[in-house]
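Novice: work02.tsv is reproduced below (TSV, C-alpha atoms).
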```tsv
chain	number	residue	atom	x	y	z
A	9	MET	CA	43.01	-32.13	-1.68
A	10	ASN	CA	42.57	-28.40	-1.28
A	11	ARG	CA	40.54	-28.23	-4.45
A	12	LEU	CA	38.36	-31.13	-3.37
A	13	ARG	CA	37.77	-29.44	-0.05
A	14	ARG	CA	36.85	-26.19	-1.79
A	15	THR	CA	34.43	-27.99	-4.12
A	16	LEU	CA	32.79	-29.77	-1.20
A	17	LEU	CA	32.60	-26.55	0.77
A	18	GLY	CA	31.11	-24.76	-2.25
A	19	ALA	CA	28.49	-27.46	-2.62
A	20	LEU	CA	27.68	-27.27	1.06
A	21	VAL	CA	27.29	-23.47	0.92
A	22	ALA	CA	25.08	-23.73	-2.18
A	23	TRP	CA	22.97	-26.36	-0.43
A	24	LEU	CA	22.66	-24.25	2.71
A	25	ALA	CA	21.78	-21.10	0.75
A	26	LYS	CA	19.08	-22.82	-1.30
A	27	PRO	CA	16.27	-23.02	1.26
A	28	LEU	CA	16.81	-19.33	2.04
A	29	ALA	CA	16.29	-18.30	-1.56
A	30	ALA	CA	13.35	-20.67	-1.95
A	31	ALA	CA	11.64	-19.40	1.20
A	32	ALA	CA	9.95	-16.53	-0.64
A	33	ALA	CA	7.44	-17.66	-3.24
A	34	TRP	CA	7.26	-16.09	-6.70
A	35	ASN	CA	4.57	-17.27	-9.10
A	36	GLU	CA	6.71	-17.81	-12.18
A	37	ASN	CA	3.78	-19.16	-14.15
A	38	ALA	CA	1.60	-16.08	-13.64
A	39	PHE	CA	4.41	-13.52	-13.96
A	40	GLY	CA	5.71	-15.25	-17.11
A	41	ALA	CA	2.27	-15.09	-18.78
A	42	LYS	CA	2.18	-12.97	-21.93
A	43	THR	CA	-1.56	-12.28	-22.07
A	44	PRO	CA	-3.82	-10.82	-19.36
A	45	GLN	CA	-6.03	-13.92	-19.60
A	46	ASP	CA	-3.11	-16.26	-18.85
A	47	ALA	CA	-1.93	-13.97	-16.04
A	48	LEU	CA	-5.40	-14.10	-14.46
A	49	LYS	CA	-5.48	-17.89	-14.82
A	50	GLY	CA	-2.04	-18.04	-13.22
A	51	ILE	CA	-3.29	-16.34	-10.07
A	52	GLY	CA	-6.49	-18.42	-9.97
A	53	ALA	CA	-8.74	-15.60	-11.15
A	54	ALA	CA	-9.75	-16.66	-14.66
A	55	ASN	CA	-13.23	-15.12	-14.45
A	56	PRO	CA	-13.37	-12.36	-11.84
A	57	ALA	CA	-16.75	-10.71	-11.21
A	58	PRO	CA	-16.90	-6.99	-12.04
A	59	SER	CA	-16.96	-4.88	-8.89
A	60	LYS	CA	-17.54	-1.21	-8.13
A	61	ASP	CA	-16.00	-1.64	-4.70
A	62	ILE	CA	-12.43	-1.53	-5.96
A	63	ALA	CA	-11.14	2.03	-6.19
A	64	ILE	CA	-8.30	2.63	-8.63
A	65	ASP	CA	-6.67	6.03	-8.63
A	66	ALA	CA	-4.36	6.56	-11.60
A	67	PRO	CA	-3.63	9.42	-13.99
A	68	GLN	CA	-5.89	9.61	-17.06
A	69	ILE	CA	-2.85	10.52	-19.11
A	70	ALA	CA	0.64	9.41	-18.16
A	71	GLU	CA	3.26	11.37	-20.05
A	72	ASN	CA	6.00	9.06	-18.89
A	73	GLY	CA	5.14	5.35	-19.03
A	74	ALA	CA	8.19	4.56	-16.90
A	75	VAL	CA	6.53	5.90	-13.75
A	76	VAL	CA	2.76	5.58	-13.56
A	77	PRO	CA	1.44	5.99	-10.00
A	78	ILE	CA	-1.46	3.69	-9.11
A	79	GLU	CA	-3.35	3.81	-5.82
A	80	ILE	CA	-5.72	0.97	-5.00
A	81	THR	CA	-8.25	0.49	-2.23
A	82	SER	CA	-10.53	-2.52	-2.03
A	83	ASN	CA	-13.77	-1.82	-0.18
A	84	ILE	CA	-14.86	-5.44	-0.51
A	85	PRO	CA	-15.15	-6.86	3.02
A	86	GLY	CA	-12.62	-9.56	3.79
A	87	THR	CA	-10.25	-8.72	0.93
A	88	THR	CA	-7.17	-10.93	1.22
A	89	SER	CA	-5.27	-9.99	-1.92
A	90	ILE	CA	-4.93	-7.38	-4.63
A	91	ALA	CA	-3.29	-8.06	-8.00
A	92	VAL	CA	-2.36	-5.50	-10.65
A	93	VAL	CA	-2.53	-6.50	-14.32
A	94	LEU	CA	-1.31	-4.07	-17.01
A	95	GLU	CA	-3.23	-5.40	-19.98
A	96	LYS	CA	-0.89	-4.41	-22.81
A	97	ASN	CA	2.48	-4.96	-21.16
A	98	PRO	CA	4.70	-7.77	-22.53
A	99	PHE	CA	4.24	-9.48	-19.15
A	100	PRO	CA	0.90	-8.18	-17.87
A	101	LEU	CA	1.03	-9.24	-14.21
A	102	ALA	CA	2.81	-6.44	-12.34
A	103	ALA	CA	2.25	-7.32	-8.70
A	104	LYS	CA	0.19	-9.29	-6.23
A	105	PHE	CA	-0.19	-8.23	-2.60
A	106	ASP	CA	-1.42	-10.62	0.08
A	107	PHE	CA	-2.94	-9.00	3.15
A	108	LYS	CA	-3.06	-10.75	6.50
A	109	GLU	CA	-5.33	-9.77	9.41
A	110	GLY	CA	-4.08	-6.37	10.57
A	111	ALA	CA	-3.29	-5.00	7.12
A	112	LEU	CA	-5.71	-2.84	5.13
A	113	PRO	CA	-6.37	-3.85	1.49
A	114	TYR	CA	-4.65	-0.74	0.18
A	115	VAL	CA	-1.50	-0.17	-1.82
A	116	LYS	CA	0.14	2.59	-3.78
A	117	LEU	CA	2.90	1.83	-6.23
A	118	ASN	CA	4.58	3.07	-9.41
A	119	VAL	CA	4.55	0.88	-12.50
A	120	LYS	CA	5.89	0.91	-16.05
A	121	MET	CA	3.38	0.84	-18.87
A	122	ALA	CA	4.32	-0.04	-22.44
A	123	GLU	CA	1.37	1.77	-24.02
A	124	THR	CA	-2.16	3.06	-23.43
A	125	ALA	CA	-4.04	0.26	-21.73
A	126	ASP	CA	-6.47	-0.80	-19.07
A	127	VAL	CA	-5.08	-1.28	-15.60
A	128	ARG	CA	-6.98	-4.23	-14.18
A	129	VAL	CA	-7.11	-4.79	-10.45
A	130	VAL	CA	-8.22	-8.15	-9.12
A	131	ALA	CA	-9.22	-8.48	-5.48
A	132	ALA	CA	-9.82	-11.81	-3.74
A	133	ALA	CA	-12.29	-11.98	-0.85
A	134	GLY	CA	-13.85	-15.01	0.75
A	135	GLY	CA	-12.42	-17.26	-1.94
A	136	ARG	CA	-14.08	-15.23	-4.72
A	137	GLN	CA	-12.41	-13.00	-7.30
A	138	TYR	CA	-13.51	-9.48	-8.21
A	139	SER	CA	-12.07	-6.98	-10.65
A	140	ALA	CA	-12.23	-3.42	-11.87
A	141	THR	CA	-10.36	-1.58	-14.62
A	142	ARG	CA	-9.20	1.91	-15.32
A	143	GLU	CA	-7.70	3.17	-18.55
A	144	VAL	CA	-4.40	5.05	-18.55
A	145	LYS	CA	-3.30	6.82	-21.73
A	146	VAL	CA	0.46	6.58	-22.12
A	147	THR	CA	2.31	9.17	-24.21
A	148	ILE	CA	5.79	7.60	-24.05
A	149	GLY	CA	6.08	3.89	-23.26
A	150	GLY	CA	8.17	2.93	-20.28
A	151	CYS	CA	9.35	-0.65	-20.63
A	152	GLY	CA	12.87	0.13	-21.84
A	153	GLY	CA	13.92	1.06	-18.31
B	12	MET	CA	24.97	-4.66	-4.14
B	13	ALA	CA	21.74	-3.74	-2.43
B	14	GLY	CA	21.17	0.00	-2.43
B	15	PRO	CA	19.87	2.04	0.50
B	16	MET	CA	16.22	2.13	1.56
B	17	LYS	CA	14.11	4.82	3.20
B	18	ILE	CA	11.05	4.27	5.34
B	19	ARG	CA	8.48	6.35	7.18
B	20	ALA	CA	5.62	5.06	9.32
B	21	THR	CA	3.11	7.49	10.74
B	22	LEU	CA	-0.25	7.29	12.50
B	23	ALA	CA	-3.01	8.73	10.34
B	24	GLY	CA	-6.72	8.47	11.06
B	25	GLY	CA	-6.26	5.63	13.53
B	26	ASN	CA	-4.19	3.57	11.10
B	27	THR	CA	-0.50	3.31	10.36
B	28	GLU	CA	0.64	4.57	6.98
B	29	VAL	CA	3.91	3.05	5.79
B	30	ARG	CA	5.84	4.62	2.93
B	31	VAL	CA	9.00	2.91	1.73
B	32	LEU	CA	11.57	3.58	-0.96
B	33	MET	CA	13.92	0.94	-2.34
B	34	THR	CA	16.99	1.68	-4.45
B	35	HIS	CA	16.92	-0.84	-7.28
B	36	PRO	CA	17.45	-0.72	-11.09
B	37	MET	CA	14.35	-2.88	-11.84
B	38	THR	CA	15.62	-3.63	-15.36
B	39	THR	CA	13.27	-5.31	-17.82
B	40	ALA	CA	13.86	-7.91	-20.51
B	41	GLN	CA	13.15	-5.13	-23.05
B	42	SER	CA	15.92	-2.83	-21.82
B	43	GLY	CA	18.81	-4.81	-23.31
B	44	GLN	CA	20.35	-5.05	-19.84
B	45	PRO	CA	20.36	-8.18	-17.72
B	46	LEU	CA	16.96	-8.81	-16.14
B	47	HIS	CA	17.29	-7.59	-12.57
B	48	PHE	CA	14.24	-6.86	-10.47
B	49	ILE	CA	12.74	-7.22	-7.02
B	50	GLN	CA	10.44	-10.24	-6.73
B	51	ASN	CA	9.32	-10.25	-3.10
B	52	VAL	CA	8.42	-7.54	-0.63
B	53	SER	CA	7.26	-8.09	2.93
B	54	VAL	CA	5.93	-5.75	5.60
B	55	LYS	CA	6.15	-6.75	9.25
B	56	LEU	CA	4.59	-5.16	12.31
B	57	ASN	CA	6.43	-6.04	15.53
B	58	GLY	CA	7.96	-9.06	13.78
B	59	LYS	CA	4.70	-10.39	12.34
B	60	ALA	CA	4.30	-10.45	8.54
B	61	LEU	CA	1.11	-8.58	7.58
B	62	ILE	CA	1.72	-8.00	3.88
B	63	GLU	CA	3.55	-10.31	1.47
B	64	ALA	CA	3.90	-9.14	-2.10
B	65	GLU	CA	5.20	-10.68	-5.30
B	66	VAL	CA	6.20	-8.11	-7.90
B	67	SER	CA	7.53	-8.07	-11.45
B	68	GLN	CA	9.88	-6.06	-13.63
B	69	ALA	CA	6.89	-3.78	-14.38
B	70	VAL	CA	7.41	-1.99	-11.08
B	71	SER	CA	9.25	1.30	-11.72
B	72	ARG	CA	12.96	1.83	-10.99
B	73	ASN	CA	13.66	2.71	-7.35
B	74	PRO	CA	10.28	1.37	-6.18
B	75	VAL	CA	8.14	3.38	-3.79
B	76	PHE	CA	5.24	1.69	-2.01
B	77	SER	CA	2.62	2.90	0.43
B	78	PHE	CA	0.81	0.46	2.70
B	79	ARG	CA	-1.73	0.83	5.50
B	80	LEU	CA	-1.94	-1.20	8.68
B	81	LYS	CA	-4.95	-1.25	11.01
B	82	GLY	CA	-4.39	0.59	14.25
B	83	GLY	CA	-0.83	0.75	15.46
B	84	ALA	CA	0.79	2.74	18.21
B	85	LYS	CA	3.74	5.06	18.54
B	86	GLY	CA	6.92	3.03	18.87
B	87	ASP	CA	5.61	-0.08	17.09
B	88	THR	CA	8.29	-1.61	14.87
B	89	ILE	CA	7.73	-1.73	11.13
B	90	GLU	CA	10.11	-3.73	8.95
B	91	VAL	CA	10.08	-3.82	5.17
B	92	ALA	CA	12.27	-6.31	3.29
B	93	TRP	CA	12.85	-7.16	-0.36
B	94	LEU	CA	14.43	-10.02	-2.31
B	95	ASP	CA	15.33	-9.85	-6.01
B	96	ASN	CA	15.75	-12.36	-8.85
B	97	LYS	CA	19.52	-12.56	-8.23
B	98	GLY	CA	19.07	-13.42	-4.57
B	99	GLU	CA	20.10	-9.96	-3.37
B	100	SER	CA	18.07	-8.56	-0.51
B	101	ASN	CA	17.76	-5.66	1.87
B	102	LYS	CA	15.57	-4.55	4.72
B	103	ILE	CA	14.87	-1.51	6.86
B	104	GLU	CA	13.19	-0.97	10.17
B	105	THR	CA	11.55	2.03	11.78
B	106	ALA	CA	9.38	2.93	14.74
B	107	VAL	CA	5.88	4.28	14.13
B	108	ALA	CA	5.89	8.05	14.75
```
Please, can you express the file's structure as structure tokens?
Specialist:
Amino acid sequence: MNRLRRTLLGALVAWLAKPLAAAAAWNENAFGAKTPQDALKGIGAANPAPSKDIAIDAPQIAENGAVVPIEITSNIPGTTSIAVVLEKNPFPLAAKFDFKEGALPYVKLNVKMAETADVRVVAAAGGRQYSATREVKVTIGGCGG
Amino acid sequence: MAGPMKIRATLAGGNTEVRVLMTHPMTTAQSGQPLHFIQNVSVKLNGKALIEAEVSQAVSRNPVFSFRLKGGAKGDTIEVAWLDNKGESNKIETAVA
């Protein structure tokens, strides 16, 4: 009886906890992609237009691939999202930021890079996709961390 | 166990600059350790979500992010929260200085 009650209670707790965990979306398809092309497809940006209005500030040479600082500003009017794709990482999509009215399309973050590669930034604005790249030379890869 | 966070929100050039630090191992599939990384980050201004991010294991250990919000005033409440792939979460709140 006690065990039955515990099992039922456990099931109830699991059922109650589920919607909480599911409330935040995570694009498993895009983050699980193993090529930059598939990652771009996964976020609905298969063929982004090249843009000079995306500023990417990153070191030319990163001695430690475990911590590569990247600062991104989109100067494209109406930018609603910024995605970061590390083209030679085992899983290239590193992050995607969605900006609501009141937030500026800017972000600074630290990422791990496996090897020297292009950092591709994709910005969405008005339902269109734009991208820019910047190469970072990596001396010691940082994906073992 | 969710580690401590640090946050700072300051007015700069008419906008609010938010800098946040999260304590998290951010282990990759390549590390030989169990995959454990933050997946979601949100930034709220006075209770309203302005930035929602999805991130991967490629974000460095103990993630640090900077964000910018339009305008803002001293005393406005900024909240940053994260959720990881094991369902652990944490959040921190501060007033714009």
Novice: Calculated over all atoms listed in the file, which of the candidates B:Leu61, B:Ala69, B:Ala13, B:Val54 has the smallest distance to Thr38 of chain B?
Specialist: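 Of B:Leu61, B:Ala69, B:Ala13, B:Val54, the one nearest Thr38 of chain B, counting all atoms listed in the file, is B:Ala69.
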Novice: Do you know which residues lie at most 9 Å from (-9.0, 1.3, -11.6), with coordinates as in the file and only C-alpha atoms counted, and could you write them as a PyMOL selection string?
Specialist: chain A and resi 62-66+78-80+126-129+139-143
Novice: Looking at all atoms listed in the file, which of A:Lys120, A:Ala33, A:Pro85, A:Arg11 is the one that sits closest to Pro98 of chain A?
Specialist: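 Of A:Lys120, A:Ala33, A:Pro85, A:Arg11, the one nearest Pro98 of chain A, counting all atoms listed in the file, is A:Lys120.
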Novice: Which residues of chain A are close to chain B, meaning at most 9 Å apart when you count all atoms listed in the file, and how do they look as a CSV table (one decimal) with C-alpha atoms, in the coordinates of the input?
Specialist:
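Result file follows (result.csv):
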```csv
chain,number,residue,atom,x,y,z
A,29,ALA,CA,16.3,-18.3,-1.6
A,32,ALA,CA,10.0,-16.5,-0.6
A,33,ALA,CA,7.4,-17.7,-3.2
A,34,TRP,CA,7.3,-16.1,-6.7
A,35,ASN,CA,4.6,-17.3,-9.1
A,39,PHE,CA,4.4,-13.5,-14.0
A,74,ALA,CA,8.2,4.6,-16.9
A,75,VAL,CA,6.5,5.9,-13.8
A,76,VAL,CA,2.8,5.6,-13.6
A,79,GLU,CA,-3.4,3.8,-5.8
A,94,LEU,CA,-1.3,-4.1,-17.0
A,97,ASN,CA,2.5,-5.0,-21.2
A,98,PRO,CA,4.7,-7.8,-22.5
A,99,PHE,CA,4.2,-9.5,-19.2
A,100,PRO,CA,0.9,-8.2,-17.9
A,101,LEU,CA,1.0,-9.2,-14.2
A,102,ALA,CA,2.8,-6.4,-12.3
A,103,ALA,CA,2.2,-7.3,-8.7
A,104,LYS,CA,0.2,-9.3,-6.2
A,105,PHE,CA,-0.2,-8.2,-2.6
A,106,ASP,CA,-1.4,-10.6,0.1
A,107,PHE,CA,-2.9,-9.0,3.2
A,108,LYS,CA,-3.1,-10.8,6.5
A,109,GLU,CA,-5.3,-9.8,9.4
A,110,GLY,CA,-4.1,-6.4,10.6
A,111,ALA,CA,-3.3,-5.0,7.1
A,112,LEU,CA,-5.7,-2.8,5.1
A,113,PRO,CA,-6.4,-3.8,1.5
A,114,TYR,CA,-4.6,-0.7,0.2
A,115,VAL,CA,-1.5,-0.2,-1.8
A,116,LYS,CA,0.1,2.6,-3.8
A,117,LEU,CA,2.9,1.8,-6.2
A,118,ASN,CA,4.6,3.1,-9.4
A,119,VAL,CA,4.6,0.9,-12.5
A,120,LYS,CA,5.9,0.9,-16.0
A,121,MET,CA,3.4,0.8,-18.9
A,150,GLY,CA,8.2,2.9,-20.3
A,151,CYS,CA,9.4,-0.6,-20.6
A,152,GLY,CA,12.9,0.1,-21.8
A,153,GLY,CA,13.9,1.1,-18.3
```
Novice: Which residue is closest to Ala92 of chain B? Choose from B:Arg19, B:Gly25, B:Val31, B:Pro45 and count only C-alpha atoms.
Specialist: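 That would be B:Val31, the residue with the smallest distance to Ala92 of chain B.
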Novice: By how many Å are atom CA of Ala122 of chain A and atom CA of Val91 of chain B apart?
Specialist: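 Going from atom CA of Ala122 of chain A over to atom CA of Val91 of chain B covers 28.5 Å.
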Novice: Write out as a PyMOL selection string each polymer residue whose atoms come within 9 Å of Ile51 of chain A, counting only C-alpha atoms; drop sequence neighbours fewer than 2 positions from it.
Specialist: chain A and resi 35+37-38+46-49+53-54+91+104
Novice: Go ahead and write the residues just picked, C-alpha atoms, as a short mmCIF file (atom, residue, chain, number, x, y, z; two decimals), in the frame of the given file.
Specialist:
```cif
data_model
loop_
_atom_site.label_atom_id
_atom_site.label_comp_id
_atom_site.auth_asym_id
_atom_site.auth_seq_id
_atom_site.Cartn_x
_atom_site.Cartn_y
_atom_site.Cartn_z
CA ASN A 35 4.57 -17.27 -9.10
CA ASN A 37 3.78 -19.16 -14.15
CA ALA A 38 1.60 -16.08 -13.64
CA ASP A 46 -3.11 -16.26 -18.85
CA ALA A 47 -1.93 -13.97 -16.04
CA LEU A 48 -5.40 -14.10 -14.46
CA LYS A 49 -5.48 -17.89 -14.82
CA ALA A 53 -8.74 -15.60 -11.15
CA ALA A 54 -9.75 -16.66 -14.66
CA ALA A 91 -3.29 -8.06 -8.00
CA LYS A 104 0.19 -9.29 -6.23
#
```
Novice: So the first atom is atom CA of Ile148 of chain A and the second is atom CA of Ala70 of chain A; what is the distance between them in Å, to one decimal place?
Specialist: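 Rounded to one decimal, the two atoms are 8.0 Å apart.
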Novice: Taking (-5.8, 5.6, -20.0) in the file's own coordinates, collect the residues within 6 Å, counting all atoms listed in the file, and hand them back as a JSON list (two decimals) with C-alpha atoms, in the coordinates of the input.
Specialist:
```json
[["chain", "number", "residue", "atom", "x", "y", "z"],
["A", 68, "GLN", "CA", -5.89, 9.61, -17.06],
["A", 69, "ILE", "CA", -2.85, 10.52, -19.11],
["A", 124, "THR", "CA", -2.16, 3.06, -23.43],
["A", 125, "ALA", "CA", -4.04, 0.26, -21.73],
["A", 143, "GLU", "CA", -7.70, 3.17, -18.55],
["A", 144, "VAL", "CA", -4.40, 5.05, -18.55],
["A", 145, "LYS", "CA", -3.30, 6.82, -21.73]]
```
Novice: Would you compute the distance between atom CA of Ala20 of chain B and atom CA of Thr81 of chain A? Give it in Å to one decimal.
Specialist: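 So the two atoms, atom CA of Ala20 of chain B and atom CA of Thr81 of chain A, lie 18.6 Å apart.
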